[in-house]
Every structure is written in structure tokens, then in C-alpha cells.
Amino acid sequence: MSKIAILGHGVVGSGAAEVFFKNRESIRAKTGQNADIKYILEVRDASAFPGCSYSDKFVNDFDVILNDSEVTVVAELIGGVEPAYRFVKSSLSAGKSVVTSNKELVAKKGAELLKIAREKNVSFAFEASVGGGIPIIRPLHQCLAADSINEVAGILNGTTNFILTKMFRDGMAFEEALKLAQDNGYAERDPSDDVNGVDACRKICILASMIFGKQVNPDSVFTEGITKITREDISFCESRGGTVKLIARAVKNGDSPQVTVCPAFVHKDSQLAGVNDVYNAIMVRGEATGDVVFYGKGAGKFPTASAVVNDIVNALKSPGETGALFWEEDEQPISPPVFSEVCGNIRVLEGF
Ligand code: HSE
């Protein structure tokens, strides 16, 4: 028992395997279990990874994993909805805990998958899906238990923050900065999801679903990316005493909940103004707590992999502990966005 299967050996999958093997003994001590990775599901065979020290674990048939009762935790690190959804759903239904970094899957199918996990008394954990290595899902869930959270806003995409930082600070051209982000492994396989705001939209939908208690559909969210940002936009922000950031925001706002993703003016005194390069920051505004800001590396192989392995450790220690975390499958209606001002491609957010 206590065997783990990793689905996908891309950037995050290989990172999770490396982090796990490096810390295997301490993980065994922490969980009190003889935990090990038994399988790595990959469409490419082991010869595609020369020098890999654990190539004996590669399989290409998911049913081998599903039908092995020794496997109690599955880490889905493939990305996208299919086949990830099918693999996650059947793993949970078979009574295996699942951890994932897949924001698209959680944003679109989170309510249903949490419900299955709850019924089967196993975990469905997705800390790595938002903010890379920053703990936000677990702390937000804990805040929600004790406080009413009215707003979550932040910089949720490392690639675009890296690009905007390079454009703003170093005068770099958009394409040059994007190339650098890709070379560093921050961008998605298809960087259009990053630069068009789609990736940040999926992440804010996960956080919004948590605070609203209902599924927030990414298609209902006003989403603008950074591809049109010009030198004039940057000058406008400078002249106002601030900078430009791709801000993803969810506000409860009584009967008019809003969720938006757009390039926005951020005053230099804001805690978000100094969040540069690949760093992310998430501000949680609670009635009792006031503002709490979570900050750290929001993208990259090892920060994300470390969040995945943490979820694995928790799922091994306490399967079913995510049972209190859920939102309803009914879709949350979202109101049209309200901006204080629009200048060029920059939005000035109300009360921000
Ligand atoms: N492409 C994503 C980003 C990776 O740049 O933030 C982490 O989700």
C-alpha cells in the first residue's frame, strides 16, 4: 500500500518525481508509511528520458494504475481537460486520492470532483493549481472557516508578470520578454493562455468558486490579456505614480459578484506593486482578518512540484481530509465588470 502514481512526466511531473525521491526518507518519516512512486504514466517511452534513474516505473496504460489496489494516491500532472478528467474521475471513484496542478480541470470540473472525493472519503487536492509554490488553497479554506472573505485579488500568472516587469523595468519588447519566460519554463505549452489572461482566469475562478461557494465558469469572466500593452500604457501608469499588473480579482459585492482579469493600474504604495518577475501575490480581504497577502514563486518546475508533493504527503497522512472543501455545481452568475476609469489598455479598478 501507500504507492503513488504520477500521471505525466513533463516539467511539473518530472519535478514532482525529483522532489519526492530527494525527500523520500523524510516523507516516509512524516507519513509513517513506506511510501513510494510505483508508476509514472507517459505516452513517450523511457528512452525519451535518457539517464533517468527511475525509468523502470514508466507505463503507458492508465488501467494498470487504476486496477492496482496498492496505488492510493494519483498525482495528475498532465494538464488540460481530457484525458485528465477521465483519469481523475475514475481514480477518485475507485477510492484513490488525487492531487493535481491542473487549473483548467479544477476551474471547470472542481465541484463534481470534490463531491466524488467526499463521497469516497478520499482527498482531491489542488494546491499547485494556483500560485505555484505559494500555499493559498489550504490557507484560504482555513480562513473561510473562521471569517467572511469578501475579495481575493492578485497577480496569478508568473509569465505575464515576468513579461510586464521586463517591459516596464528594462524597456524590453513583448516578444523578447516572452521568449525569455519560455526559456525559463514559466510559460504554458501554448503561451497564448498566459498572455491572453486565460491561465489567470482559470486560477481566479478556482479562488472565486471557493469564496462564493458555487462553480464560477471561466467563460463568464471578463478576461483581457497583456498582448496590447504599449509604451504609452506604461507611461500612463508611471505618470500616475504606479505600474501595470495583470490583476485577477473576485469580489462578493452583495448581489453583484464580480470576477475580472485585466491589465490594471497599481499604485506604487500597493503591496502588489513590488511583486516582480515570476513572483505571484494573492491578497485575501476578510471581514475580520483585514488584508492578508500571500507571496512567492508562482511558476517554475520546483516551486510547483513542491506544492504537489506536499499535497501527496497530506493525502497519504489523512486521506479524505479535503472533505470539508467543496463548492456547489450550480453556476454562480457573475455581474458585468465596473471600472473607475479606462485609459488606453489600462483599467483602473474601483476601490483598488
Ligand atoms: N504558466 C503559468 C504561469 C504556470 O506563468 O503562471 C503556473 O501556473
# chains A, B, ... in the order shown; residues from 1 in each chain; ligands from 1
call {"tool": "residues_around", "arguments": {"residues": "range 44-47 of chain A", "least_positions_apart": "6", "cutoff": "8 Å", "atoms": "only C-alpha atoms", "output": "number ranges by chain"}}
result
A: 55-56, 58-60
call {"tool": "write_last_selection", "arguments": {"atoms": "C-alpha atoms", "output": "PDB file, in the first residue's frame"}}
result
ATOM      1  CA  SER A  55      12.768   4.597 -15.935  1.00  0.00           C
ATOM      2  CA  ASP A  56      11.554   1.186 -14.666  1.00  0.00           C
ATOM      3  CA  PHE A  58       7.201   4.209 -16.765  1.00  0.00           C
ATOM      4  CA  VAL A  59       3.891   2.783 -18.040  1.00  0.00           C
ATOM      5  CA  ASN A  60       1.653   3.931 -20.859  1.00  0.00           C
TER       6      ASN A  60
END
call {"tool": "closest_atom_pairs", "arguments": {"of": "chain A", "to": "ligand 1", "cutoff": "6 Å", "atoms": "only C-alpha atoms and all ligand atoms", "output": "tab-separated table"}}
result
residue	atom	partner	partner_atom_place_in_ligand_line	distance
A:Gly132	CA	ligand 1	7 (C)	5.6
A:Asn157	CA	ligand 1	6 (O)	3.5
A:Gly158	CA	ligand 1	6 (O)	3.7
A:Thr159	CA	ligand 1	5 (O)	3.7
A:Tyr186	CA	ligand 1	5 (O)	4.8
A:Ala187	CA	ligand 1	1 (N)	4.0
A:Glu188	CA	ligand 1	1 (N)	4.4
A:Asp194	CA	ligand 1	1 (N)	5.7
A:Gly298	CA	ligand 1	6 (O)	5.5
A:Ala299	CA	ligand 1	7 (C)	4.1
call {"tool": "write_last_selection", "arguments": {"atoms": "C-alpha atoms", "output": "mmCIF file, in the first residue's frame"}}
result
data_model
loop_
_atom_site.group_PDB
_atom_site.id
_atom_site.type_symbol
_atom_site.label_atom_id
_atom_site.label_comp_id
_atom_site.auth_asym_id
_atom_site.auth_seq_id
_atom_site.Cartn_x
_atom_site.Cartn_y
_atom_site.Cartn_z
ATOM 1 C CA GLY A 132 2.697 27.567 -7.941
ATOM 2 C CA ASN A 157 0.337 34.433 -13.679
ATOM 3 C CA GLY A 158 4.119 34.298 -13.470
ATOM 4 C CA THR A 159 4.754 34.524 -17.212
ATOM 5 C CA TYR A 186 7.375 29.551 -16.869
ATOM 6 C CA ALA A 187 5.006 29.758 -19.827
ATOM 7 C CA GLU A 188 2.339 27.184 -20.712
ATOM 8 C CA ASP A 194 -0.748 33.064 -20.383
ATOM 9 C CA GLY A 298 4.002 31.404 -8.893
ATOM 10 C CA ALA A 299 5.520 29.304 -11.662
#
call {"tool": "atom_distance", "arguments": {"atom1": "CA of Asn121 in chain A", "atom2": "CA of Pro218 in chain A"}}
result
28.1 Å
call {"tool": "select_by_dssp", "arguments": {"residues": "range 161-308 of chain A", "states": "strand (DSSP E)", "output": "VMD selection string"}}
result
chain A and resid 214 to 215 222 to 223 242 to 251 258 to 267 279 to 286 290 to 297
call {"tool": "closest_residue", "arguments": {"among": "A:Phe174, A:Phe294, A:Phe352, A:Phe162", "to": "Ala281 in chain A", "atoms": "only C-alpha atoms"}}
result
A:Phe294
call {"tool": "residues_around", "arguments": {"residues": "range 314-331 of chain A", "least_positions_apart": "5", "cutoff": "6 Å", "atoms": "only C-alpha atoms", "output": "count of residues only"}}
result
11
call {"tool": "residues_around", "arguments": {"residues": "range 20-28 of chain A", "least_positions_apart": "6", "cutoff": "9 Å", "atoms": "only C-alpha atoms", "output": "list in words"}}
result
Asn34, Ala35, Asp36, Ile37, Ala305, Ser306, Val309 and Val313 of chain A
call {"tool": "residues_around", "arguments": {"residues": "Thr160 in chain A", "least_positions_apart": "2", "cutoff": "12 Å", "atoms": "only C-alpha atoms", "output": "number ranges by chain"}}
result
A: 155-158, 162-168, 174-175, 177-182, 186-188, 191-200, 224-227, 229, 244-248, 262-263, 275-280, 298-299
call {"tool": "write_last_selection", "arguments": {"atoms": "C-alpha atoms", "output": "CSV table (one decimal), in the first residue's frame"}}
result
chain,number,residue,atom,x,y,z
A,155,ILE,CA,-1.1,38.6,-9.6
A,156,LEU,CA,-1.7,34.9,-10.6
A,157,ASN,CA,0.3,34.4,-13.7
A,158,GLY,CA,4.1,34.3,-13.5
A,162,PHE,CA,7.7,38.4,-15.8
A,163,ILE,CA,7.0,40.0,-19.2
A,164,LEU,CA,5.4,43.1,-17.8
A,165,THR,CA,8.3,43.5,-15.4
A,166,LYS,CA,10.8,43.3,-18.2
A,167,MET,CA,8.8,45.7,-20.4
A,168,PHE,CA,8.4,48.2,-17.5
A,174,PHE,CA,7.0,42.0,-25.6
A,175,GLU,CA,8.3,39.1,-27.8
A,177,ALA,CA,10.4,39.1,-22.8
A,178,LEU,CA,8.0,36.2,-23.8
A,179,LYS,CA,10.9,34.2,-25.3
A,180,LEU,CA,12.9,34.7,-22.0
A,181,ALA,CA,9.9,33.4,-20.0
A,182,GLN,CA,9.5,30.4,-22.2
A,186,TYR,CA,7.4,29.6,-16.9
A,187,ALA,CA,5.0,29.8,-19.8
A,188,GLU,CA,2.3,27.2,-20.7
A,191,PRO,CA,1.8,30.7,-24.2
A,192,SER,CA,-1.4,32.3,-25.6
A,193,ASP,CA,-3.2,31.0,-22.4
A,194,ASP,CA,-0.7,33.1,-20.4
A,195,VAL,CA,-0.6,36.3,-22.4
A,196,ASN,CA,-4.4,36.3,-23.1
A,197,GLY,CA,-5.2,36.1,-19.4
A,198,VAL,CA,-6.8,32.6,-19.8
A,199,ASP,CA,-4.5,31.0,-17.3
A,200,ALA,CA,-5.1,33.7,-14.7
A,224,GLU,CA,-8.2,40.7,-21.1
A,225,GLY,CA,-4.6,39.8,-21.5
A,226,ILE,CA,-1.4,41.8,-21.9
A,227,THR,CA,-0.7,41.5,-25.7
A,229,ILE,CA,0.1,46.8,-23.8
A,244,VAL,CA,0.8,47.9,-14.6
A,245,LYS,CA,0.0,44.4,-13.5
A,246,LEU,CA,-2.3,41.7,-14.8
A,247,ILE,CA,-4.8,41.7,-12.0
A,248,ALA,CA,-7.2,38.8,-11.4
A,262,CYS,CA,-7.3,42.6,-16.9
A,263,PRO,CA,-4.1,44.8,-17.1
A,275,VAL,CA,5.7,42.0,-7.0
A,276,ASN,CA,8.0,41.5,-9.9
A,277,ASP,CA,9.4,38.8,-12.3
A,278,VAL,CA,7.9,35.4,-11.9
A,279,TYR,CA,6.5,36.1,-8.4
A,280,ASN,CA,2.8,36.0,-7.7
A,298,GLY,CA,4.0,31.4,-8.9
A,299,ALA,CA,5.5,29.3,-11.7
call {"tool": "residues_around", "arguments": {"residues": "range 145-152 of chain A", "least_positions_apart": "3", "cutoff": "10 Å", "atoms": "only C-alpha atoms", "output": "NGL selection string"}}
result
:A and (139-142 or 204 or 207-208 or 210-212 or 248-254 or 257-259 or 282-293 or 324-325)
call {"tool": "atom_distance", "arguments": {"atom1": "CA of Ile334 in chain A", "atom2": "CA of Val130 in chain A"}}
result
20.7 Å
call {"tool": "select_by_dssp", "arguments": {"residues": "range 96-249 of chain A", "states": "helix (DSSP H, G or I)", "output": "PyMOL selection string"}}
result
chain A and resi 103-120+127-129+137-146+158-170+174-183+192-195+198-212+218-220+231-239
call {"tool": "write_last_selection", "arguments": {"atoms": "C-alpha atoms", "output": "PDB file, in the first residue's frame"}}
result
ATOM      1  CA  LYS A 103      -6.109  24.657 -13.076  1.00  0.00           C
ATOM      2  CA  GLU A 104      -8.221  24.124 -16.186  1.00  0.00           C
ATOM      3  CA  LEU A 105      -9.597  20.892 -14.782  1.00  0.00           C
ATOM      4  CA  VAL A 106     -10.300  22.337 -11.316  1.00  0.00           C
ATOM      5  CA  ALA A 107     -11.811  25.534 -12.737  1.00  0.00           C
ATOM      6  CA  LYS A 108     -14.183  23.549 -14.977  1.00  0.00           C
ATOM      7  CA  LYS A 109     -14.866  20.348 -13.026  1.00  0.00           C
ATOM      8  CA  GLY A 110     -13.820  21.143  -9.436  1.00  0.00           C
ATOM      9  CA  ALA A 111     -17.280  20.909  -7.825  1.00  0.00           C
ATOM     10  CA  GLU A 112     -18.006  17.489  -9.313  1.00  0.00           C
ATOM     11  CA  LEU A 113     -14.580  16.061  -8.455  1.00  0.00           C
ATOM     12  CA  LEU A 114     -14.695  17.375  -4.876  1.00  0.00           C
ATOM     13  CA  LYS A 115     -18.108  15.755  -4.482  1.00  0.00           C
ATOM     14  CA  ILE A 116     -16.832  12.356  -5.629  1.00  0.00           C
ATOM     15  CA  ALA A 117     -13.805  12.648  -3.328  1.00  0.00           C
ATOM     16  CA  ARG A 118     -16.094  13.471  -0.427  1.00  0.00           C
ATOM     17  CA  GLU A 119     -18.398  10.520  -1.136  1.00  0.00           C
ATOM     18  CA  LYS A 120     -15.441   8.161  -1.357  1.00  0.00           C
ATOM     19  CA  GLU A 127      -2.680  23.469  -4.067  1.00  0.00           C
ATOM     20  CA  ALA A 128      -0.336  23.614  -7.080  1.00  0.00           C
ATOM     21  CA  SER A 129      -3.116  24.803  -9.393  1.00  0.00           C
ATOM     22  CA  ILE A 137      -5.852  26.910  -1.291  1.00  0.00           C
ATOM     23  CA  ARG A 138      -5.322  25.446   2.164  1.00  0.00           C
ATOM     24  CA  PRO A 139      -4.943  28.832   3.960  1.00  0.00           C
ATOM     25  CA  LEU A 140      -7.938  30.306   2.102  1.00  0.00           C
ATOM     26  CA  HIS A 141     -10.012  27.280   3.049  1.00  0.00           C
ATOM     27  CA  GLN A 142      -8.955  27.717   6.659  1.00  0.00           C
ATOM     28  CA  CYS A 143      -9.705  31.495   6.548  1.00  0.00           C
ATOM     29  CA  LEU A 144     -13.147  30.687   5.131  1.00  0.00           C
ATOM     30  CA  ALA A 145     -13.917  28.532   8.130  1.00  0.00           C
ATOM     31  CA  ALA A 146     -13.420  31.451  10.512  1.00  0.00           C
ATOM     32  CA  GLY A 158       4.119  34.298 -13.470  1.00  0.00           C
ATOM     33  CA  THR A 159       4.754  34.524 -17.212  1.00  0.00           C
ATOM     34  CA  THR A 160       2.821  37.762 -17.725  1.00  0.00           C
ATOM     35  CA  ASN A 161       4.235  39.288 -14.559  1.00  0.00           C
ATOM     36  CA  PHE A 162       7.724  38.425 -15.807  1.00  0.00           C
ATOM     37  CA  ILE A 163       6.963  39.974 -19.217  1.00  0.00           C
ATOM     38  CA  LEU A 164       5.408  43.142 -17.759  1.00  0.00           C
ATOM     39  CA  THR A 165       8.345  43.532 -15.367  1.00  0.00           C
ATOM     40  CA  LYS A 166      10.837  43.250 -18.229  1.00  0.00           C
ATOM     41  CA  MET A 167       8.821  45.704 -20.359  1.00  0.00           C
ATOM     42  CA  PHE A 168       8.366  48.182 -17.510  1.00  0.00           C
ATOM     43  CA  ARG A 169      11.775  47.987 -15.853  1.00  0.00           C
ATOM     44  CA  ASP A 170      14.121  47.102 -18.719  1.00  0.00           C
ATOM     45  CA  PHE A 174       6.966  41.975 -25.593  1.00  0.00           C
ATOM     46  CA  GLU A 175       8.279  39.149 -27.843  1.00  0.00           C
ATOM     47  CA  GLU A 176      11.765  39.272 -26.364  1.00  0.00           C
ATOM     48  CA  ALA A 177      10.403  39.055 -22.811  1.00  0.00           C
ATOM     49  CA  LEU A 178       8.021  36.197 -23.769  1.00  0.00           C
ATOM     50  CA  LYS A 179      10.910  34.225 -25.278  1.00  0.00           C
ATOM     51  CA  LEU A 180      12.876  34.653 -22.033  1.00  0.00           C
ATOM     52  CA  ALA A 181       9.857  33.443 -19.990  1.00  0.00           C
ATOM     53  CA  GLN A 182       9.541  30.368 -22.229  1.00  0.00           C
ATOM     54  CA  ASP A 183      13.261  29.626 -21.970  1.00  0.00           C
ATOM     55  CA  SER A 192      -1.422  32.265 -25.597  1.00  0.00           C
ATOM     56  CA  ASP A 193      -3.209  31.021 -22.443  1.00  0.00           C
ATOM     57  CA  ASP A 194      -0.748  33.064 -20.383  1.00  0.00           C
ATOM     58  CA  VAL A 195      -0.617  36.267 -22.419  1.00  0.00           C
ATOM     59  CA  VAL A 198      -6.848  32.622 -19.755  1.00  0.00           C
ATOM     60  CA  ASP A 199      -4.484  30.989 -17.256  1.00  0.00           C
ATOM     61  CA  ALA A 200      -5.064  33.750 -14.666  1.00  0.00           C
ATOM     62  CA  CYS A 201      -8.813  33.475 -15.346  1.00  0.00           C
ATOM     63  CA  ARG A 202      -8.829  29.745 -14.523  1.00  0.00           C
ATOM     64  CA  LYS A 203      -6.942  30.419 -11.301  1.00  0.00           C
ATOM     65  CA  ILE A 204      -9.215  33.240 -10.115  1.00  0.00           C
ATOM     66  CA  CYS A 205     -12.232  31.040 -10.960  1.00  0.00           C
ATOM     67  CA  ILE A 206     -10.913  28.413  -8.529  1.00  0.00           C
ATOM     68  CA  LEU A 207     -10.497  31.003  -5.754  1.00  0.00           C
ATOM     69  CA  ALA A 208     -13.848  32.630  -6.620  1.00  0.00           C
ATOM     70  CA  SER A 209     -15.613  29.248  -6.502  1.00  0.00           C
ATOM     71  CA  MET A 210     -14.171  28.762  -3.029  1.00  0.00           C
ATOM     72  CA  ILE A 211     -15.339  32.139  -1.685  1.00  0.00           C
ATOM     73  CA  PHE A 212     -18.716  32.173  -3.485  1.00  0.00           C
ATOM     74  CA  PRO A 218     -14.284  30.787 -16.761  1.00  0.00           C
ATOM     75  CA  ASP A 219     -16.434  31.661 -19.803  1.00  0.00           C
ATOM     76  CA  SER A 220     -18.489  34.089 -17.680  1.00  0.00           C
ATOM     77  CA  ARG A 231       4.782  52.052 -24.189  1.00  0.00           C
ATOM     78  CA  GLU A 232       2.010  54.700 -23.807  1.00  0.00           C
ATOM     79  CA  ASP A 233       0.156  52.446 -21.354  1.00  0.00           C
ATOM     80  CA  ILE A 234       3.341  52.040 -19.342  1.00  0.00           C
ATOM     81  CA  SER A 235       3.955  55.801 -19.398  1.00  0.00           C
ATOM     82  CA  PHE A 236       0.376  56.427 -18.209  1.00  0.00           C
ATOM     83  CA  CYS A 237       0.929  54.171 -15.177  1.00  0.00           C
ATOM     84  CA  GLU A 238       4.301  55.802 -14.453  1.00  0.00           C
ATOM     85  CA  SER A 239       2.768  59.288 -14.649  1.00  0.00           C
TER      86      SER A 239
END
call {"tool": "closest_residue", "arguments": {"among": "A:Gly13, A:Gly241, A:Gly274, A:Pro303", "to": "Ala75 in chain A", "atoms": "only C-alpha atoms"}}
result
A:Gly13
call {"tool": "atom_distance", "arguments": {"atom1": "CA of Ala125 in chain A", "atom2": "CA of Val64 in chain A"}}
result
22.5 Å
call {"tool": "closest_residue", "arguments": {"among": "A:Leu77, A:Leu66, A:Val43, A:Val338", "to": "Lys89 in chain A", "atoms": "only C-alpha atoms"}}
result
A:Leu66
call {"tool": "closest_residue", "arguments": {"among": "A:Gly95, A:Gly8, A:Lys57, A:Ser2", "to": "Gln33 in chain A", "atoms": "only C-alpha atoms"}}
result
A:Ser2
call {"tool": "closest_residue", "arguments": {"among": "A:Val19, A:Ala84, A:Ile40, A:Leu349", "to": "Asp61 in chain A", "atoms": "only C-alpha atoms"}}
result
A:Ile40
call {"tool": "closest_residue", "arguments": {"among": "A:Glu350, A:Glu82, A:Asp63, A:Glu76", "to": "Ala5 in chain A", "atoms": "only C-alpha atoms"}}
result
A:Glu76
call {"tool": "residues_around", "arguments": {"residues": "Phe339 in chain A", "least_positions_apart": "3", "cutoff": "10 Å", "atoms": "only C-alpha atoms", "output": "list in words"}}
result
Ala264, Pro336, Val342, Arg347, Val348, Leu349, Glu350 and Gly351 of chain A
